[in-house]
Amino acid sequence: EKYDNKNVVVVNGSMPGQGSACGLENVDAKVVNHTRAPDMVFLSWGMNDQCSATETANNMQQMINKIRAKHPDCDVVVVAPLVPNANAGFLIHQDELPTAFKQLADNNERVVFVNVFDVQNKMMEVKDYISLSGNNINHPNDFMIRIYAQQILSAMERM
């Protein structure tokens, strides 16, 4: 209702396997200067970053700044990644991202935070990792995709 469902156009500028520095390098071409002005942008980085959570959040803040400079009314949804499988050696700093990303939402107007990481962590108190993973390393299965969707829809209602 807020975005007039008759005119919703989805532009998927995602870049699998990349880190937030790559997102920052490409935000102008993929978002800021895109042929369509965005009403809402989803930023979900950190799973593949080899840097600190502070650096990831800083890259995302710079993306928000660039987007807002040209599109001041654009809503932004910041999404923490899934919990990567520590037994696969993929858990580096991702557990620090929810705190850093929440600060992005707290420090910026019209930015909401989706904390899939902590939701999955809570679920893993009663489920094993593979029950929530599509590849047993760092990708969601169909069940976790539904959790993502629920969390994102909930966040969008808060905007």
# chains A, B, ... in the order shown; residues from 1 in each chain; ligands from 1
>>> select_by_dssp(residues="chain A", states="helix (DSSP H, G or I)", output="count of residues only")
79
>>> residues_around(residues="Val78 of chain A", least_positions_apart="4", cutoff="9 Å", atoms="only C-alpha atoms", output="mmCIF file with N, CA and C atoms, in the first residue's frame")
data_model
loop_
_atom_site.group_PDB
_atom_site.id
_atom_site.type_symbol
_atom_site.label_atom_id
_atom_site.label_comp_id
_atom_site.auth_asym_id
_atom_site.auth_seq_id
_atom_site.Cartn_x
_atom_site.Cartn_y
_atom_site.Cartn_z
ATOM 1 N N VAL A 41 15.723 0.388 -0.808
ATOM 2 C CA VAL A 41 16.934 -0.362 -1.137
ATOM 3 C C VAL A 41 17.230 -1.309 0.016
ATOM 4 N N PHE A 42 17.589 -2.523 -0.330
ATOM 5 C CA PHE A 42 18.007 -3.519 0.654
ATOM 6 C C PHE A 42 19.524 -3.629 0.600
ATOM 7 N N LEU A 43 20.177 -3.491 1.748
ATOM 8 C CA LEU A 43 21.621 -3.668 1.851
ATOM 9 C C LEU A 43 21.886 -4.841 2.773
ATOM 10 N N SER A 44 22.473 -5.877 2.228
ATOM 11 C CA SER A 44 22.764 -7.071 3.022
ATOM 12 C C SER A 44 24.174 -7.536 2.686
ATOM 13 N N TRP A 45 25.111 -7.105 3.488
ATOM 14 C CA TRP A 45 26.515 -7.422 3.272
ATOM 15 C C TRP A 45 27.083 -8.036 4.544
ATOM 16 N N MET A 60 28.759 0.243 4.459
ATOM 17 C CA MET A 60 27.317 0.358 4.276
ATOM 18 C C MET A 60 26.838 1.780 4.571
ATOM 19 N N PHE A 101 25.069 -3.229 12.575
ATOM 20 C CA PHE A 101 23.984 -2.882 11.655
ATOM 21 C C PHE A 101 22.834 -2.198 12.381
ATOM 22 N N LYS A 102 22.576 -2.593 13.612
ATOM 23 C CA LYS A 102 21.528 -1.921 14.392
ATOM 24 C C LYS A 102 21.897 -0.449 14.577
ATOM 25 N N LEU A 104 23.499 1.356 12.486
ATOM 26 C CA LEU A 104 23.187 2.028 11.224
ATOM 27 C C LEU A 104 21.728 2.477 11.223
ATOM 28 N N ALA A 105 20.847 1.584 11.654
ATOM 29 C CA ALA A 105 19.424 1.932 11.693
ATOM 30 C C ALA A 105 19.153 3.016 12.733
ATOM 31 N N VAL A 111 15.856 4.119 8.025
ATOM 32 C CA VAL A 111 16.634 2.890 7.875
ATOM 33 C C VAL A 111 16.138 1.929 8.946
ATOM 34 N N VAL A 112 15.766 0.724 8.527
ATOM 35 C CA VAL A 112 15.362 -0.303 9.485
ATOM 36 C C VAL A 112 16.334 -1.465 9.401
ATOM 37 N N PHE A 113 16.430 -2.186 10.485
ATOM 38 C CA PHE A 113 17.383 -3.287 10.624
ATOM 39 C C PHE A 113 16.625 -4.603 10.716
ATOM 40 N N VAL A 114 17.079 -5.588 9.961
ATOM 41 C CA VAL A 114 16.532 -6.940 10.000
ATOM 42 C C VAL A 114 17.619 -7.853 10.543
ATOM 43 N N ASN A 115 17.332 -8.481 11.669
ATOM 44 C CA ASN A 115 18.338 -9.272 12.368
ATOM 45 C C ASN A 115 18.096 -10.768 12.189
#
>>> residues_around(residues="Asp118 of chain A", least_positions_apart="4", cutoff="9 Å", atoms="only C-alpha atoms", output="ChimeraX atom specification")
/A:80,82-83,95,98,122-123
>>> atom_distance(atom1="atom CA of Val79 of chain A", atom2="atom CA of Ser14 of chain A")
13.1 Å
>>> atom_distance(atom1="atom CA of Pro81 of chain A", atom2="atom CA of Gly13 of chain A")
16.9 Å
>>> residues_around(residues="Gly23 of chain A", least_positions_apart="2", cutoff="12 Å", atoms="only C-alpha atoms", output="PyMOL selection string")
chain A and resi 13-21+25-32+42-46+48-49+56-64+66
>>> residues_around(residues="Phe90 of chain A", least_positions_apart="5", cutoff="8 Å", atoms="only C-alpha atoms", output="list of chain:residue names")
A:Pro84, A:Asn85, A:Ile137, A:Asn138
>>> select_by_dssp(residues="segment 73-152 of chain A", states="strand (DSSP E or B)", output="PyMOL selection string")
chain A and resi 75-79+111-114+133+140
>>> atom_distance(atom1="atom CA of Arg158 of chain A", atom2="atom CA of Asp75 of chain A")
11.1 Å
>>> closest_residue(among="A:Met40, A:Ala149, A:Leu97, A:Val76", to="Glu109 of chain A", atoms="only C-alpha atoms")
A:Val76
>>> closest_residue(among="A:Val10, A:Ser133, A:Met159, A:Gln50", to="Asp73 of chain A", atoms="only C-alpha atoms")
A:Met159
>>> decode(residues="segment 62-82 of chain A", atoms="N, CA, C and O atoms", output="tab-separated table (two decimals), in the first residue's frame")
chain	number	residue	atom	x	y	z
A	62	GLN	N	28.52	4.47	4.03
A	62	GLN	CA	28.87	5.24	2.84
A	62	GLN	C	27.89	4.98	1.69
A	62	GLN	O	27.55	5.89	0.93
A	63	MET	N	27.41	3.73	1.58
A	63	MET	CA	26.40	3.42	0.57
A	63	MET	C	25.12	4.20	0.86
A	63	MET	O	24.52	4.80	-0.05
A	64	ILE	N	24.70	4.20	2.12
A	64	ILE	CA	23.50	4.94	2.51
A	64	ILE	C	23.67	6.42	2.19
A	64	ILE	O	22.77	7.05	1.64
A	65	ASN	N	24.83	6.97	2.52
A	65	ASN	CA	25.09	8.39	2.24
A	65	ASN	C	24.98	8.70	0.75
A	65	ASN	O	24.41	9.72	0.37
A	66	LYS	N	25.55	7.86	-0.08
A	66	LYS	CA	25.50	8.08	-1.52
A	66	LYS	C	24.06	7.99	-2.04
A	66	LYS	O	23.64	8.81	-2.87
A	67	ILE	N	23.33	6.99	-1.56
A	67	ILE	CA	21.94	6.83	-1.98
A	67	ILE	C	21.13	8.04	-1.56
A	67	ILE	O	20.39	8.63	-2.36
A	68	ARG	N	21.29	8.44	-0.31
A	68	ARG	CA	20.49	9.56	0.22
A	68	ARG	C	20.86	10.91	-0.40
A	68	ARG	O	20.03	11.80	-0.48
A	69	ALA	N	22.09	11.06	-0.85
A	69	ALA	CA	22.49	12.32	-1.48
A	69	ALA	C	21.65	12.59	-2.73
A	69	ALA	O	21.30	13.73	-3.01
A	70	LYS	N	21.33	11.55	-3.47
A	70	LYS	CA	20.55	11.72	-4.69
A	70	LYS	C	19.07	11.38	-4.50
A	70	LYS	O	18.21	11.91	-5.20
A	71	HIS	N	18.79	10.47	-3.57
A	71	HIS	CA	17.41	10.00	-3.35
A	71	HIS	C	17.07	10.12	-1.86
A	71	HIS	O	17.02	9.12	-1.14
A	72	PRO	N	16.84	11.34	-1.38
A	72	PRO	CA	16.66	11.55	0.06
A	72	PRO	C	15.45	10.85	0.67
A	72	PRO	O	15.42	10.61	1.88
A	73	ASP	N	14.45	10.50	-0.14
A	73	ASP	CA	13.25	9.86	0.38
A	73	ASP	C	13.30	8.34	0.29
A	73	ASP	O	12.31	7.66	0.60
A	74	CYS	N	14.42	7.80	-0.11
A	74	CYS	CA	14.56	6.35	-0.26
A	74	CYS	C	14.64	5.68	1.10
A	74	CYS	O	15.44	6.07	1.95
A	75	ASP	N	13.80	4.67	1.31
A	75	ASP	CA	13.89	3.86	2.52
A	75	ASP	C	14.99	2.83	2.34
A	75	ASP	O	15.24	2.35	1.23
A	76	VAL	N	15.65	2.47	3.43
A	76	VAL	CA	16.74	1.50	3.38
A	76	VAL	C	16.48	0.40	4.41
A	76	VAL	O	16.16	0.69	5.57
A	77	VAL	N	16.62	-0.84	3.98
A	77	VAL	CA	16.50	-2.00	4.86
A	77	VAL	C	17.89	-2.63	4.94
A	77	VAL	O	18.44	-3.04	3.92
A	78	VAL	N	18.44	-2.67	6.13
A	78	VAL	CA	19.76	-3.25	6.37
A	78	VAL	C	19.54	-4.64	6.97
A	78	VAL	O	18.89	-4.78	7.99
A	79	VAL	N	20.08	-5.66	6.30
A	79	VAL	CA	19.83	-7.04	6.69
A	79	VAL	C	21.14	-7.71	7.12
A	79	VAL	O	22.10	-7.77	6.35
A	80	ALA	N	21.17	-8.19	8.36
A	80	ALA	CA	22.32	-8.97	8.83
A	80	ALA	C	22.29	-10.34	8.16
A	80	ALA	O	21.22	-10.88	7.91
A	81	PRO	N	23.44	-10.90	7.86
A	81	PRO	CA	23.46	-12.20	7.19
A	81	PRO	C	23.09	-13.33	8.13
A	81	PRO	O	22.94	-13.15	9.34
A	82	LEU	N	22.96	-14.50	7.55
A	82	LEU	CA	22.75	-15.72	8.33
A	82	LEU	C	23.95	-16.00	9.21
A	82	LEU	O	25.02	-15.41	9.04
